[in-house]
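Text of the file data-v9.csv, holding CSV, C-alpha atoms and all ligand atoms:
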```
chain,number,residue,atom,x,y,z
A,1303,MET,CA,-25.1,-14.8,-28.4
A,1304,THR,CA,-23.0,-12.9,-26.0
A,1305,GLN,CA,-25.6,-10.8,-24.3
A,1306,GLN,CA,-28.1,-12.4,-21.9
A,1307,SER,CA,-31.5,-13.0,-23.5
A,1308,THR,CA,-34.7,-14.4,-22.2
A,1309,PHE,CA,-36.4,-17.3,-24.0
A,1310,LEU,CA,-40.0,-18.4,-23.5
A,1311,VAL,CA,-39.8,-22.1,-24.1
A,1312,LEU,CA,-43.0,-24.1,-24.8
A,1313,GLY,CA,-42.5,-27.8,-24.6
A,1314,ALA,CA,-39.5,-27.4,-22.2
A,1315,THR,CA,-40.0,-30.9,-20.7
A,1316,GLY,CA,-40.1,-32.7,-24.1
A,1317,GLY,CA,-37.5,-34.6,-26.1
A,1318,THR,CA,-36.3,-31.5,-28.0
A,1319,GLY,CA,-37.3,-28.9,-25.4
A,1320,LYS,CA,-35.2,-30.3,-22.5
A,1321,HIS,CA,-32.0,-30.0,-24.6
A,1322,PHE,CA,-33.0,-26.5,-25.7
A,1323,VAL,CA,-33.4,-25.4,-22.1
A,1324,SER,CA,-30.0,-26.9,-21.1
A,1325,GLN,CA,-28.3,-25.2,-23.9
A,1326,ALA,CA,-29.8,-21.8,-23.2
A,1327,LEU,CA,-29.2,-22.0,-19.5
A,1328,GLY,CA,-25.7,-23.3,-20.0
A,1329,ASP,CA,-24.9,-20.3,-22.1
A,1330,GLY,CA,-26.1,-18.0,-19.3
A,1331,HIS,CA,-29.5,-17.0,-20.7
A,1332,ARG,CA,-32.8,-16.8,-18.9
A,1333,VAL,CA,-35.6,-19.3,-19.6
A,1334,ARG,CA,-39.3,-19.0,-18.9
A,1335,ALA,CA,-41.0,-22.3,-19.3
A,1336,LEU,CA,-44.8,-23.0,-19.4
A,1337,VAL,CA,-45.1,-26.7,-18.3
A,1338,ARG,CA,-47.8,-29.1,-17.2
A,1339,THR,CA,-45.5,-30.9,-14.8
A,1340,PRO,CA,-42.9,-28.7,-13.1
A,1341,GLU,CA,-41.3,-31.7,-11.4
A,1342,LYS,CA,-39.9,-32.7,-14.8
A,1343,LEU,CA,-37.6,-29.7,-14.7
A,1344,ALA,CA,-34.6,-29.2,-12.4
A,1345,ALA,CA,-36.0,-27.3,-9.4
A,1346,GLY,CA,-34.2,-24.1,-8.5
A,1347,ALA,CA,-32.1,-24.0,-11.6
A,1348,LYS,CA,-30.5,-20.6,-11.9
A,1349,ASN,CA,-32.2,-18.3,-14.5
A,1350,LEU,CA,-35.1,-20.7,-14.9
A,1351,GLU,CA,-38.6,-19.4,-14.3
A,1352,ILE,CA,-41.3,-22.0,-14.3
A,1353,TRP,CA,-45.0,-21.3,-15.1
A,1354,GLN,CA,-47.3,-24.2,-14.4
A,1355,GLY,CA,-50.1,-24.7,-16.9
A,1356,SER,CA,-51.3,-26.3,-20.1
A,1357,ILE,CA,-51.6,-24.5,-23.4
A,1358,THR,CA,-55.3,-25.6,-23.3
A,1359,ASP,CA,-55.9,-23.6,-20.1
A,1360,ILE,CA,-56.9,-20.0,-20.0
A,1361,ILE,CA,-53.4,-18.5,-19.8
A,1362,ASP,CA,-52.5,-14.8,-19.5
A,1363,THR,CA,-50.4,-14.9,-22.7
A,1364,ASP,CA,-49.6,-11.1,-22.4
A,1365,ALA,CA,-47.9,-11.8,-19.1
A,1366,LEU,CA,-46.3,-15.0,-20.4
A,1367,VAL,CA,-44.5,-13.1,-23.2
A,1368,ALA,CA,-43.7,-10.0,-21.2
A,1369,GLY,CA,-40.0,-9.3,-21.1
A,1370,VAL,CA,-39.1,-12.1,-23.4
A,1371,ASP,CA,-36.8,-11.8,-26.4
A,1372,PHE,CA,-37.5,-15.1,-28.1
A,1373,VAL,CA,-40.4,-17.5,-28.2
A,1374,VAL,CA,-39.6,-21.2,-29.1
A,1375,SER,CA,-42.3,-23.8,-29.4
A,1376,MET,CA,-41.4,-27.5,-29.3
A,1377,LEU,CA,-44.9,-28.5,-28.3
A,1378,GLY,CA,-46.7,-31.7,-29.1
A,1379,ASP,CA,-49.3,-34.0,-27.6
A,1380,VAL,CA,-50.1,-36.7,-30.2
A,1381,LYS,CA,-53.2,-37.9,-28.4
A,1382,LEU,CA,-54.8,-34.5,-27.9
A,1383,GLN,CA,-53.9,-33.4,-31.4
A,1384,ARG,CA,-55.9,-36.3,-32.9
A,1385,ASP,CA,-59.1,-34.5,-32.0
A,1386,ALA,CA,-58.1,-30.8,-31.6
A,1387,LYS,CA,-55.7,-28.3,-33.0
A,1388,ILE,CA,-54.4,-27.3,-29.6
A,1389,ASN,CA,-51.1,-25.8,-30.9
A,1390,THR,CA,-52.9,-23.6,-33.5
A,1391,ALA,CA,-55.4,-22.3,-30.9
A,1392,PHE,CA,-52.6,-21.4,-28.6
A,1393,VAL,CA,-50.4,-19.8,-31.3
A,1394,GLN,CA,-53.4,-17.7,-32.3
A,1395,LYS,CA,-53.5,-16.3,-28.8
A,1396,LEU,CA,-49.7,-16.1,-28.4
A,1397,VAL,CA,-49.0,-14.0,-31.5
A,1398,PRO,CA,-51.3,-11.1,-30.7
A,1399,SER,CA,-49.8,-11.1,-27.2
A,1400,MET,CA,-46.3,-11.0,-28.8
A,1401,ARG,CA,-47.4,-7.9,-30.8
A,1402,ARG,CA,-48.8,-6.2,-27.8
A,1403,ARG,CA,-45.6,-6.8,-25.8
A,1404,GLY,CA,-43.2,-6.0,-28.7
A,1405,VAL,CA,-41.8,-9.6,-29.0
A,1406,LYS,CA,-40.9,-10.2,-32.6
A,1407,ARG,CA,-39.1,-13.6,-32.8
A,1408,PHE,CA,-40.8,-16.9,-32.9
A,1409,LEU,CA,-39.5,-20.4,-33.8
A,1410,TYR,CA,-42.0,-23.2,-34.1
A,1411,GLN,CA,-40.9,-26.8,-34.5
A,1412,ALA,CA,-43.2,-28.8,-36.7
A,1413,GLY,CA,-42.5,-32.1,-38.4
A,1414,GLY,CA,-40.7,-33.0,-41.7
A,1415,LEU,CA,-43.9,-34.8,-42.6
A,1416,SER,CA,-46.0,-31.6,-42.0
A,1417,ARG,CA,-46.7,-29.8,-45.3
A,1418,PRO,CA,-45.6,-26.2,-45.5
A,1419,TYR,CA,-48.3,-23.6,-46.3
A,1420,GLN,CA,-48.9,-23.8,-50.1
A,1421,GLY,CA,-46.2,-26.4,-50.4
A,1422,ARG,CA,-46.2,-30.1,-50.9
A,1423,LEU,CA,-44.5,-33.3,-49.7
A,1424,THR,CA,-42.7,-35.6,-52.0
A,1425,PRO,CA,-44.6,-38.8,-52.9
A,1426,LEU,CA,-42.2,-40.7,-50.6
A,1427,LEU,CA,-42.8,-38.5,-47.6
A,1428,TRP,CA,-46.5,-38.5,-48.2
A,1429,ALA,CA,-46.5,-42.3,-48.4
A,1430,ILE,CA,-44.6,-42.5,-45.1
A,1431,ARG,CA,-46.9,-40.1,-43.4
A,1432,ASN,CA,-50.0,-42.1,-44.5
A,1433,THR,CA,-48.6,-45.6,-43.7
A,1434,LEU,CA,-45.8,-46.0,-41.2
A,1435,VAL,CA,-46.6,-43.0,-39.0
A,1436,ARG,CA,-50.3,-42.6,-39.7
A,1437,GLY,CA,-51.0,-42.1,-36.0
A,1438,TYR,CA,-49.3,-38.6,-36.2
A,1439,ASN,CA,-51.7,-37.2,-38.8
A,1440,GLY,CA,-53.5,-35.0,-36.3
A,1441,GLN,CA,-50.2,-33.5,-35.1
A,1442,HIS,CA,-49.3,-32.8,-38.7
A,1443,GLU,CA,-52.6,-31.2,-39.4
A,1444,ASP,CA,-52.2,-29.0,-36.4
A,1445,ASN,CA,-48.7,-28.0,-37.4
A,1446,GLU,CA,-50.0,-27.2,-40.9
A,1447,ALA,CA,-52.7,-25.0,-39.5
A,1448,VAL,CA,-50.0,-23.2,-37.5
A,1449,MET,CA,-48.0,-22.7,-40.6
A,1450,GLU,CA,-51.0,-21.4,-42.5
A,1451,TYR,CA,-51.8,-18.9,-39.7
A,1452,LEU,CA,-48.2,-17.7,-39.5
A,1453,ALA,CA,-47.9,-17.2,-43.3
A,1454,THR,CA,-51.3,-15.6,-43.8
A,1455,GLU,CA,-51.8,-13.6,-40.6
A,1456,ALA,CA,-48.5,-13.1,-38.8
A,1457,ASN,CA,-45.9,-11.9,-41.3
A,1458,ASP,CA,-45.2,-8.8,-39.1
A,1459,ILE,CA,-43.6,-11.3,-36.7
A,1460,ASP,CA,-40.2,-12.8,-37.4
A,1461,TRP,CA,-41.4,-16.4,-37.4
A,1462,ILE,CA,-39.4,-19.5,-38.4
A,1463,VAL,CA,-40.8,-23.0,-38.7
A,1464,HIS,CA,-38.4,-25.9,-38.4
A,1465,ARG,CA,-39.8,-29.0,-40.1
A,1466,ALA,CA,-37.7,-31.5,-38.1
A,1467,GLY,CA,-37.1,-35.1,-38.6
A,1468,ILE,CA,-36.5,-36.9,-35.3
A,1469,GLY,CA,-35.6,-40.5,-34.8
A,1470,SER,CA,-34.1,-40.8,-31.3
A,1471,ASP,CA,-33.0,-39.1,-28.2
A,1472,GLY,CA,-29.4,-40.3,-28.7
A,1473,PRO,CA,-26.1,-38.4,-28.8
A,1474,THR,CA,-25.3,-35.8,-31.5
A,1475,LYS,CA,-24.9,-37.0,-35.0
A,1476,GLY,CA,-23.6,-33.8,-36.4
A,1477,VAL,CA,-24.7,-30.2,-37.1
A,1478,LEU,CA,-28.0,-29.8,-38.8
A,1479,GLN,CA,-28.3,-27.3,-41.7
A,1480,ARG,CA,-31.4,-25.7,-43.1
A,1481,SER,CA,-32.7,-26.9,-46.4
A,1482,LYS,CA,-35.8,-26.6,-48.6
A,1483,THR,CA,-35.3,-30.1,-50.0
A,1484,LYS,CA,-32.8,-32.1,-47.9
A,1485,PHE,CA,-34.1,-33.9,-44.9
A,1486,SER,CA,-32.3,-36.0,-42.2
A,1487,VAL,CA,-33.6,-38.1,-39.3
A,1488,ALA,CA,-31.9,-36.3,-36.5
A,1489,THR,CA,-31.6,-36.6,-32.7
A,1490,HIS,CA,-33.6,-34.4,-30.3
A,1491,ARG,CA,-30.3,-32.9,-29.1
A,1492,ASP,CA,-29.3,-31.8,-32.6
A,1493,CYS,CA,-32.8,-30.4,-33.4
A,1494,ALA,CA,-32.5,-28.4,-30.2
A,1495,ALA,CA,-29.1,-27.0,-31.2
A,1496,TYR,CA,-30.5,-26.2,-34.6
A,1497,ASN,CA,-33.4,-24.3,-33.1
A,1498,TYR,CA,-31.1,-22.4,-30.8
A,1499,ARG,CA,-28.9,-21.3,-33.7
A,1500,THR,CA,-31.7,-20.7,-36.2
A,1501,ILE,CA,-33.7,-18.4,-34.1
A,1502,MET,CA,-30.8,-16.0,-34.4
A,1503,ASP,CA,-30.7,-16.3,-38.2
A,1504,ALA,CA,-32.5,-13.5,-40.0
A,1505,SER,CA,-32.2,-15.4,-43.3
A,1506,ALA,CA,-34.6,-18.0,-41.8
A,1507,PHE,CA,-37.5,-15.6,-41.2
A,1508,HIS,CA,-40.7,-16.7,-42.9
A,1509,THR,CA,-39.3,-20.1,-43.9
A,1510,SER,CA,-40.7,-23.5,-43.1
A,1511,ASP,CA,-37.6,-25.6,-44.0
A,1512,PHE,CA,-36.3,-29.0,-43.3
A,1513,SER,CA,-33.0,-29.7,-41.5
A,1514,TYR,CA,-30.3,-32.1,-42.6
A,1515,TYR,CA,-26.8,-33.2,-41.7
A,1516,SER,CA,-24.5,-31.8,-44.4
A,1517,ALA,CA,-21.9,-34.5,-43.9
A,1518,THR,CA,-24.3,-37.4,-44.5
B,1,LIG,N1,-40.8,-36.7,-31.9
B,1,LIG,C1,-40.7,-36.8,-33.2
B,1,LIG,O1,-40.4,-37.9,-33.7
B,1,LIG,C2,-40.9,-35.6,-34.1
B,1,LIG,C3,-40.4,-35.7,-35.3
B,1,LIG,C4,-40.4,-34.6,-36.1
B,1,LIG,C5,-41.0,-33.5,-35.7
B,1,LIG,N2,-41.6,-33.4,-34.4
B,1,LIG,C6,-42.2,-32.1,-34.0
B,1,LIG,O2,-41.6,-31.5,-33.0
B,1,LIG,C7,-42.5,-31.3,-31.9
B,1,LIG,C8,-41.8,-31.6,-30.6
B,1,LIG,O3,-41.3,-32.9,-30.7
B,1,LIG,P1,-40.7,-33.6,-29.4
B,1,LIG,O4,-40.4,-35.0,-29.8
B,1,LIG,O5,-39.7,-32.8,-28.8
B,1,LIG,O6,-42.0,-33.7,-28.5
B,1,LIG,P2,-42.3,-34.4,-27.1
B,1,LIG,O7,-41.1,-35.1,-26.6
B,1,LIG,O8,-43.5,-35.2,-27.2
B,1,LIG,O9,-42.5,-33.1,-26.2
B,1,LIG,C9,-43.7,-32.3,-26.3
B,1,LIG,C10,-43.6,-31.2,-25.3
B,1,LIG,O10,-44.9,-30.5,-25.4
B,1,LIG,C11,-45.4,-30.4,-24.1
B,1,LIG,N3,-46.9,-30.3,-24.1
B,1,LIG,C12,-47.7,-31.1,-24.8
B,1,LIG,N4,-49.0,-30.7,-24.6
B,1,LIG,C13,-48.9,-29.6,-23.8
B,1,LIG,C14,-49.9,-28.7,-23.2
B,1,LIG,N5,-51.2,-28.9,-23.4
B,1,LIG,N6,-49.5,-27.7,-22.4
B,1,LIG,C15,-48.1,-27.5,-22.2
B,1,LIG,N7,-47.2,-28.3,-22.7
B,1,LIG,C16,-47.6,-29.3,-23.5
B,1,LIG,C17,-45.0,-31.7,-23.4
B,1,LIG,O11,-45.2,-31.6,-22.0
B,1,LIG,P3,-45.4,-32.8,-21.0
B,1,LIG,O12,-44.0,-33.1,-20.6
B,1,LIG,O13,-46.2,-32.3,-20.0
B,1,LIG,O14,-46.0,-34.0,-21.8
B,1,LIG,C18,-43.6,-31.8,-23.8
B,1,LIG,O15,-42.8,-30.9,-23.1
B,1,LIG,C19,-43.7,-32.3,-32.2
B,1,LIG,O16,-44.9,-31.8,-31.8
B,1,LIG,C20,-43.7,-32.4,-33.7
B,1,LIG,O17,-44.5,-31.4,-34.2
B,1,LIG,C21,-41.4,-34.5,-33.6
```
Encoding of this model in structure tokens:
Amino acid sequence: MTQQSTFLVLGATGGTGKHFVSQALGDGHRVRALVRTPEKLAAGAKNLEIWQGSITDIIDTDALVAGVDFVVSMLGDVKLQRDAKINTAFVQKLVPSMRRRGVKRFLYQAGGLSRPYQGRLTPLLWAIRNTLVRGYNGQHEDNEAVMEYLATEANDIDWIVHRAGIGSDGPTKGVLQRSKTKFSVATHRDCAAYNYRTIMDASAFHTSDFSYYSAT
């Protein structure tokens, strides 16, 4: 990306989001971030515009997306998502605002254990979801409702879902590639780099794919 763009980043203080913000700012782009706790971001960083708030607040989403080129969501709150589909409710407000403001491009990071709309998980992934990481079921159900909404009501938007596998916040393990079948347990940093690249990739529009390290 040579020309300066503006990214609206949701989840900018999170494991994936913080790397995404660093990369976008490092490349000279502008970032608008909606965050609950602004202190978690570097105060006064050049090209960083901070909006304080929660996606569960009443937010002027038309103003939030105004002037933005790309919207990237790396949101998650496991506790809240146990009882409520907070991401879905927010995306359902965000997408109409994107339409009104002429913003077309949206990348949403879900989980590798979240089922794509009308798709299925392999028996192994399904078993892992229902045993080892059972506590994340609410988050997966929320992600699945987002995917259903995008696929059934938002195909006029260039949306992309990244069904990420994340194991740590460690250093890079390589470059993630998109795949319908192959899945790696990646680092936050590599997922952020993947999101940053993939939002530019028109071949990824209307997909809900995994990511994997091609060398592993
Ligand atoms: N972590 C994993 O192992 C994993 C694996 C695969 C896929 N994923 C998917 O990727 C998504 C992001 O993962 P991550 O590990 O980067 O998440 P994370 O570290 O938990 O970060 C989540 C981000 O969402 C923000 N957020 C949560 N609730 C919010 C609200 N009500 N309003 C505004 N911001 C809010 C958090 O802000 P605060 O700083 O204020 O909390 C934080 O910036 C997850 O939701 C999941 O769907 C995660």
Please find the residues contacting ligand LIG 1 (chain B) at a distance of at most 7 Å between atoms, with only C-alpha atoms and all ligand atoms counted, and report them as an MDAnalysis selection string. chainID A and resid 1312:1319 1336:1339 1355:1358 1376:1379 1411:1414 1441:1442 1445 1465:1469 1490
So that I can see what lies close to Leu1478 in chain A, please list as a ChimeraX atom specification the residues with an atom at most 7 Å from it, counting only C-alpha atoms and leaving out residues fewer than 6 positions away in the same chain. /A:1492,1496,1513-1516
Ranking A:Met1400, A:Ile1388, A:Val1405, A:Leu1327 by minimum distance to Gly1440 in chain A and counting all atoms listed in the file, which one comes first?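 The shortest atom-to-atom distance to Gly1440 in chain A comes from A:Ile1388.
CA of Leu1343 in chain A lies 26.6 Å from CA of Arg1384 in chain A.
Minimum atom-to-atom distances from A:Leu1409, A:Ala1365, A:Val1373, A:Leu1310 to Val1463 in chain A were compared using only C-alpha atoms, and the lowest value belongs to A:Leu1409.
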Best match for closeness to Phe1512 in chain A among A:Arg1499, A:Arg1332, A:Arg1480, A:Arg1401, counting all atoms listed in the file: A:Arg1480
May I have the residues within 10 Å of Thr1474 in chain A as a PyMOL selection string, using only C-alpha atoms and disregarding those fewer than 6 positions away in the same chain? chain A and resi 1488-1493+1495
